[in-house]
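To be precise, the following lines are final-v3.pdb, and they hold PDB, C-alpha atoms and all ligand atoms.
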ATOM      1  CA  MET A   1      -9.202   2.368 -18.281  1.00  0.00           C
ATOM      2  CA  ASP A   2      -7.066   0.818 -21.036  1.00  0.00           C
ATOM      3  CA  ALA A   3      -3.944   1.409 -18.956  1.00  0.00           C
ATOM      4  CA  TYR A   4      -5.470  -0.709 -16.256  1.00  0.00           C
ATOM      5  CA  ARG A   5      -3.557  -3.942 -16.680  1.00  0.00           C
ATOM      6  CA  TYR A   6      -4.934  -5.784 -13.717  1.00  0.00           C
ATOM      7  CA  VAL A   7      -6.158  -9.180 -14.820  1.00  0.00           C
ATOM      8  CA  ASP A   8      -8.888 -10.861 -12.858  1.00  0.00           C
ATOM      9  CA  PRO A   9      -7.615 -14.360 -12.093  1.00  0.00           C
ATOM     10  CA  GLY A  10     -11.132 -15.706 -11.664  1.00  0.00           C
ATOM     11  CA  PRO A  11     -13.289 -16.467  -8.643  1.00  0.00           C
ATOM     12  CA  THR A  12     -11.584 -16.791  -5.298  1.00  0.00           C
ATOM     13  CA  PRO A  13     -10.949 -20.414  -4.374  1.00  0.00           C
ATOM     14  CA  PRO A  14     -11.864 -21.399  -0.839  1.00  0.00           C
ATOM     15  CA  ALA A  15      -9.059 -20.719   1.599  1.00  0.00           C
ATOM     16  CA  SER A  16      -7.418 -24.098   1.812  1.00  0.00           C
ATOM     17  CA  SER A  17      -5.669 -23.899   5.104  1.00  0.00           C
ATOM     18  CA  ALA A  18      -6.277 -22.166   8.367  1.00  0.00           C
ATOM     19  CA  ALA A  19      -3.153 -20.097   7.803  1.00  0.00           C
ATOM     20  CA  THR A  20      -4.287 -18.835   4.402  1.00  0.00           C
ATOM     21  CA  ALA A  21      -7.749 -18.103   5.768  1.00  0.00           C
ATOM     22  CA  THR A  22      -6.229 -16.036   8.563  1.00  0.00           C
ATOM     23  CA  VAL A  23      -4.016 -14.085   6.187  1.00  0.00           C
ATOM     24  CA  MET A  24      -6.915 -13.411   3.830  1.00  0.00           C
ATOM     25  CA  ARG A  25      -9.188 -12.274   6.619  1.00  0.00           C
ATOM     26  CA  ARG A  26      -6.574 -10.066   8.157  1.00  0.00           C
ATOM     27  CA  THR A  27      -5.462  -8.389   4.955  1.00  0.00           C
ATOM     28  CA  GLY A  28      -8.814  -8.001   3.259  1.00  0.00           C
ATOM     29  CA  ARG A  29      -9.925  -5.452   5.784  1.00  0.00           C
ATOM     30  CA  ARG A  30      -9.724  -1.718   5.697  1.00  0.00           C
ATOM     31  CA  ASP A  31      -7.924   0.133   8.458  1.00  0.00           C
ATOM     32  CA  THR A  32      -5.570  -2.693   9.206  1.00  0.00           C
ATOM     33  CA  GLY A  33      -3.457  -2.738  12.335  1.00  0.00           C
ATOM     34  CA  PRO A  34      -0.228  -1.583  10.614  1.00  0.00           C
ATOM     35  CA  GLU A  35      -2.098   1.279   8.981  1.00  0.00           C
ATOM     36  CA  LEU A  36      -3.706   2.432  12.214  1.00  0.00           C
ATOM     37  CA  ARG A  37      -0.386   2.265  14.058  1.00  0.00           C
ATOM     38  CA  LEU A  38       1.333   4.319  11.379  1.00  0.00           C
ATOM     39  CA  ARG A  39      -1.407   6.953  11.442  1.00  0.00           C
ATOM     40  CA  LYS A  40      -1.202   7.180  15.212  1.00  0.00           C
ATOM     41  CA  THR A  41       2.575   7.578  15.153  1.00  0.00           C
ATOM     42  CA  LEU A  42       2.543  10.205  12.402  1.00  0.00           C
ATOM     43  CA  HIS A  43      -0.156  12.130  14.218  1.00  0.00           C
ATOM     44  CA  ARG A  44       1.781  12.060  17.468  1.00  0.00           C
ATOM     45  CA  ARG A  45       4.711  13.589  15.618  1.00  0.00           C
ATOM     46  CA  GLY A  46       2.550  16.483  14.576  1.00  0.00           C
ATOM     47  CA  LEU A  47       2.006  15.469  10.954  1.00  0.00           C
ATOM     48  CA  ARG A  48      -1.462  16.038   9.561  1.00  0.00           C
ATOM     49  CA  PHE A  49      -2.907  14.042   6.711  1.00  0.00           C
ATOM     50  CA  LEU A  50      -5.976  12.716   4.983  1.00  0.00           C
ATOM     51  CA  VAL A  51      -6.912   9.067   5.128  1.00  0.00           C
ATOM     52  CA  ASP A  52      -8.200   6.803   2.368  1.00  0.00           C
ATOM     53  CA  VAL A  53      -8.570   9.442  -0.325  1.00  0.00           C
ATOM     54  CA  ALA A  54      -7.838   9.666  -4.031  1.00  0.00           C
ATOM     55  CA  VAL A  55      -4.890  11.738  -5.143  1.00  0.00           C
ATOM     56  CA  PRO A  56      -5.922  15.136  -6.471  1.00  0.00           C
ATOM     57  CA  GLY A  57      -4.930  15.298 -10.116  1.00  0.00           C
ATOM     58  CA  GLY A  58      -4.808  11.532 -10.437  1.00  0.00           C
ATOM     59  CA  ASN A  59      -6.874   9.928 -13.154  1.00  0.00           C
ATOM     60  CA  ARG A  60      -7.872   6.807 -11.341  1.00  0.00           C
ATOM     61  CA  ARG A  61      -9.779   5.980  -8.258  1.00  0.00           C
ATOM     62  CA  SER A  62      -6.879   4.397  -6.446  1.00  0.00           C
ATOM     63  CA  ARG A  63      -7.151   5.432  -2.832  1.00  0.00           C
ATOM     64  CA  VAL A  64      -4.166   6.468  -0.811  1.00  0.00           C
ATOM     65  CA  ASP A  65      -3.875   5.235   2.777  1.00  0.00           C
ATOM     66  CA  VAL A  66      -2.234   8.404   4.098  1.00  0.00           C
ATOM     67  CA  LEU A  67      -2.074  11.603   2.060  1.00  0.00           C
ATOM     68  CA  LEU A  68       0.159  14.489   3.168  1.00  0.00           C
ATOM     69  CA  ARG A  69      -1.180  17.331   1.121  1.00  0.00           C
ATOM     70  CA  GLY A  70       1.401  20.049   1.758  1.00  0.00           C
ATOM     71  CA  PRO A  71       4.520  18.090   0.797  1.00  0.00           C
ATOM     72  CA  ARG A  72       2.526  16.082  -1.767  1.00  0.00           C
ATOM     73  CA  ILE A  73       3.352  12.665  -0.381  1.00  0.00           C
ATOM     74  CA  ALA A  74       1.113   9.656  -0.916  1.00  0.00           C
ATOM     75  CA  VAL A  75       1.670   6.789   1.503  1.00  0.00           C
ATOM     76  CA  PHE A  76       0.512   3.225   1.027  1.00  0.00           C
ATOM     77  CA  VAL A  77       0.730   0.624   3.760  1.00  0.00           C
ATOM     78  CA  ASP A  78       1.280  -2.706   2.043  1.00  0.00           C
ATOM     79  CA  GLY A  79       0.506  -6.024   3.659  1.00  0.00           C
ATOM     80  CA  CYS A  80       3.345  -8.530   3.236  1.00  0.00           C
ATOM     81  CA  PHE A  81       1.112 -11.229   1.783  1.00  0.00           C
ATOM     82  CA  TRP A  82      -0.940  -9.277  -0.755  1.00  0.00           C
ATOM     83  CA  HIS A  83       1.957  -7.172  -1.953  1.00  0.00           C
ATOM     84  CA  SER A  84       4.408 -10.083  -2.213  1.00  0.00           C
ATOM     85  CA  CYS A  85       6.944  -8.709   0.233  1.00  0.00           C
ATOM     86  CA  PRO A  86      10.332 -10.252  -0.644  1.00  0.00           C
ATOM     87  CA  GLU A  87      10.877 -11.259   2.983  1.00  0.00           C
ATOM     88  CA  HIS A  88       7.452 -12.554   4.000  1.00  0.00           C
ATOM     89  CA  GLY A  89       5.493 -12.975   0.793  1.00  0.00           C
ATOM     90  CA  LEU A  90       4.377 -16.535   0.208  1.00  0.00           C
ATOM     91  CA  LEU A  91       2.480 -18.448  -2.394  1.00  0.00           C
ATOM     92  CA  PRO A  92      -0.236 -20.633  -0.850  1.00  0.00           C
ATOM     93  CA  LYS A  93       0.390 -24.302  -1.610  1.00  0.00           C
ATOM     94  CA  SER A  94      -2.988 -25.147  -3.018  1.00  0.00           C
ATOM     95  CA  ASN A  95      -4.511 -23.236  -5.927  1.00  0.00           C
ATOM     96  CA  ARG A  96      -0.955 -22.149  -6.522  1.00  0.00           C
ATOM     97  CA  GLU A  97      -1.433 -21.023 -10.107  1.00  0.00           C
ATOM     98  CA  TRP A  98      -4.498 -18.987  -9.234  1.00  0.00           C
ATOM     99  CA  TRP A  99      -2.628 -17.270  -6.399  1.00  0.00           C
ATOM    100  CA  ARG A 100       0.397 -16.631  -8.564  1.00  0.00           C
ATOM    101  CA  ARG A 101      -1.763 -14.755 -11.105  1.00  0.00           C
ATOM    102  CA  LYS A 102      -3.688 -13.001  -8.375  1.00  0.00           C
ATOM    103  CA  LEU A 103      -0.612 -11.745  -6.525  1.00  0.00           C
ATOM    104  CA  GLU A 104       1.181 -10.775  -9.734  1.00  0.00           C
ATOM    105  CA  GLY A 105      -1.905  -8.762 -10.601  1.00  0.00           C
ATOM    106  CA  VAL A 106      -1.657  -6.896  -7.311  1.00  0.00           C
ATOM    107  CA  VAL A 107       1.998  -6.053  -7.954  1.00  0.00           C
ATOM    108  CA  ARG A 108       1.208  -4.808 -11.469  1.00  0.00           C
ATOM    109  CA  ARG A 109      -1.634  -2.714 -10.119  1.00  0.00           C
ATOM    110  CA  ASP A 110       0.717  -1.233  -7.506  1.00  0.00           C
ATOM    111  CA  GLN A 111       3.118  -0.275 -10.281  1.00  0.00           C
ATOM    112  CA  ASP A 112       0.331   1.332 -12.315  1.00  0.00           C
ATOM    113  CA  THR A 113      -0.858   3.232  -9.268  1.00  0.00           C
ATOM    114  CA  ASP A 114       2.658   4.472  -8.489  1.00  0.00           C
ATOM    115  CA  ALA A 115       3.142   5.639 -12.070  1.00  0.00           C
ATOM    116  CA  GLU A 116      -0.178   7.457 -12.090  1.00  0.00           C
ATOM    117  CA  ILE A 117       0.398   9.232  -8.788  1.00  0.00           C
ATOM    118  CA  THR A 118       3.971  10.145  -9.684  1.00  0.00           C
ATOM    119  CA  ALA A 119       2.733  11.595 -12.977  1.00  0.00           C
ATOM    120  CA  ALA A 120       0.279  13.739 -11.002  1.00  0.00           C
ATOM    121  CA  GLY A 121       3.231  15.254  -9.158  1.00  0.00           C
ATOM    122  CA  TRP A 122       3.163  13.312  -5.912  1.00  0.00           C
ATOM    123  CA  LEU A 123       5.844  11.311  -4.176  1.00  0.00           C
ATOM    124  CA  VAL A 124       4.769   7.728  -3.556  1.00  0.00           C
ATOM    125  CA  VAL A 125       5.975   6.126  -0.341  1.00  0.00           C
ATOM    126  CA  ARG A 126       5.268   2.456   0.210  1.00  0.00           C
ATOM    127  CA  VAL A 127       5.458   1.260   3.755  1.00  0.00           C
ATOM    128  CA  SER A 128       5.583  -2.458   4.337  1.00  0.00           C
ATOM    129  CA  GLU A 129       3.531  -4.019   7.069  1.00  0.00           C
ATOM    130  CA  HIS A 130       6.733  -5.400   8.620  1.00  0.00           C
ATOM    131  CA  GLU A 131       8.535  -2.049   8.713  1.00  0.00           C
ATOM    132  CA  GLY A 132       6.973  -0.905  11.968  1.00  0.00           C
ATOM    133  CA  PRO A 133       5.353   2.474  12.628  1.00  0.00           C
ATOM    134  CA  GLU A 134       8.403   4.211  14.099  1.00  0.00           C
ATOM    135  CA  THR A 135      10.793   3.319  11.274  1.00  0.00           C
ATOM    136  CA  ALA A 136       8.198   4.197   8.667  1.00  0.00           C
ATOM    137  CA  SER A 137       7.394   7.478  10.394  1.00  0.00           C
ATOM    138  CA  ASP A 138      11.109   8.378  10.523  1.00  0.00           C
ATOM    139  CA  ARG A 139      11.295   7.868   6.787  1.00  0.00           C
ATOM    140  CA  ILE A 140       8.131   9.846   6.075  1.00  0.00           C
ATOM    141  CA  GLU A 141       9.061  12.669   8.430  1.00  0.00           C
ATOM    142  CA  ARG A 142      12.457  13.005   6.763  1.00  0.00           C
ATOM    143  CA  LEU A 143      10.812  13.207   3.339  1.00  0.00           C
ATOM    144  CA  VAL A 144       8.295  15.761   4.560  1.00  0.00           C
ATOM    145  CA  ASN A 145      11.117  17.974   5.853  1.00  0.00           C
ATOM    146  CA  GLU A 146      13.124  17.573   2.658  1.00  0.00           C
ATOM    147  CA  ARG A 147      10.177  18.542   0.518  1.00  0.00           C
ATOM    148  CA  LYS A 148       9.338  21.461   2.766  1.00  0.00           C
ATOM    149  CA  ARG A 149      12.836  22.788   2.217  1.00  0.00           C
ATOM    150  CA  GLY A 150      12.489  22.099  -1.486  1.00  0.00           C
ATOM    151  CA  THR A 151      15.540  19.862  -1.555  1.00  0.00           C
ATOM    152  CA  HIS A 152      13.788  16.810  -2.898  1.00  0.00           C
ATOM    153  CA  SER A 153      15.260  15.381  -6.038  1.00  0.00           C
TER     154      SER A 153
HETATM  155 ZN    ZN E 201       7.281  -8.305   4.950  1.00  0.00          ZN
END
Would you mind writing the file out in structure tokens?
Amino acid sequence: MDAYRYVDPGPTPPASSAATATVMRRTGRRDTGPELRLRKTLHRRGLRFLVDVAVPGGNRRSRVDVLLRGPRIAVFVDGCFWHSCPEHGLLPKSNREWWRRKLEGVVRRDQDTDAEITAAGWLVVRVSEHEGPETASDRIERLVNERKRGTHS
């Protein structure tokens, strides 16, 4: 627990604009559209996986969106807003300081999660919401094949 550096920025301020409210609603949910589309595409390509599970051997309760057990690949589907995507991440105009701390906390938590899962012997793959299911599936499928052949570095 001491390695858990996530800092609670305090209570959530009211969503100040319709746009922020929409983003918060959309991204706060489980089984988001991008995640469902990725799962569907991977499944169609014959890949089998577990959904929303903890990594075996991990020491935290971070849940992986898509877990490919055989090749030991842990996939996260990151929303552009919450995970501060360099292309589409934005800082809401009001309550700016609160949001800055909040979103920085998410990024730090992502880094902690990646380190933990990597230490447990898994490959972490982060898919961005904007990547699209086909591109992301190409990437994942390639990694699965590489790790099957044992050529992963
Ligand atoms: Zn993005």
field: Shell of 9 Å around Ser137 (chain A), only C-alpha atoms, local chain residues under 2 positions omitted, as a list in words
entry: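 Within the cut-off, the hits are Leu38, Arg39, Thr41, Leu42, Arg45, Gly132, Pro133, Glu134, Thr135, Arg139, Ile140, Glu141 and Arg142 of chain A.
For the point (10.3, 13.9, -0.2) in file coordinates, the residues within 9 Å, using only C-alpha atoms, are A:Pro71, A:Arg72, A:Ile73, A:Leu123, A:Val124, A:Val125, A:Ile140, A:Glu141, A:Arg142, A:Leu143, A:Val144, A:Asn145, A:Glu146, A:Arg147, A:Lys148, A:Gly150, A:Thr151, A:His152, A:Ser153.
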Any chance you could tabulate, as a tab-separated table, the residues of chain A at most 10 Å from ligand ZN 201 (chain E) with each one's nearest atom pair and distance in Å to one decimal, using only C-alpha atoms and all ligand atoms, in chain and rising number order?
residue	atom	partner	partner_atom	distance
A:Asp78	CA	E:ZN201	ZN	8.7
A:Gly79	CA	E:ZN201	ZN	7.3
A:Cys80	CA	E:ZN201	ZN	4.3
A:Phe81	CA	E:ZN201	ZN	7.5
A:His83	CA	E:ZN201	ZN	8.8
A:Ser84	CA	E:ZN201	ZN	7.9
A:Cys85	CA	E:ZN201	ZN	4.7
A:Pro86	CA	E:ZN201	ZN	6.7
A:Glu87	CA	E:ZN201	ZN	5.1
A:His88	CA	E:ZN201	ZN	4.4
A:Gly89	CA	E:ZN201	ZN	6.5
A:Leu90	CA	E:ZN201	ZN	9.9
A:Val127	CA	E:ZN201	ZN	9.8
A:Ser128	CA	E:ZN201	ZN	6.1
A:Glu129	CA	E:ZN201	ZN	6.1
A:His130	CA	E:ZN201	ZN	4.7
A:Glu131	CA	E:ZN201	ZN	7.4
message: Taking the file as I've supplied it (selection: the PyMOL selection byres (((chain A and resi 57) around 6) and not hetatm)), which residues are included? Please answer as number ranges by chain.
response: A: 56, 58, 120
- request: Have a look at A:Arg126, A:Leu68, A:Ser94, A:Arg109 and name the one nearest to Gly46 (chain A); count only C-alpha atoms.
  value: A:Leu68
- prompt: How many Å lie between CA of Asp65 (chain A) and CA of Asp52 (chain A), rounded to one decimal?
  reply: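 CA of Asp65 (chain A) sits 4.6 Å away from CA of Asp52 (chain A).
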task: Please write as a PyMOL selection string the list of polymer residues whose atoms come within 12 Å of (-0.2, 5.0, -10.1), counting all atoms listed in the file and keeping to the coordinates of the file.
output: chain A and resi 3-5+54-55+57-64+74-76+107-126
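CA of Leu103 (chain A) lies 6.3 Å from CA of Trp82 (chain A).
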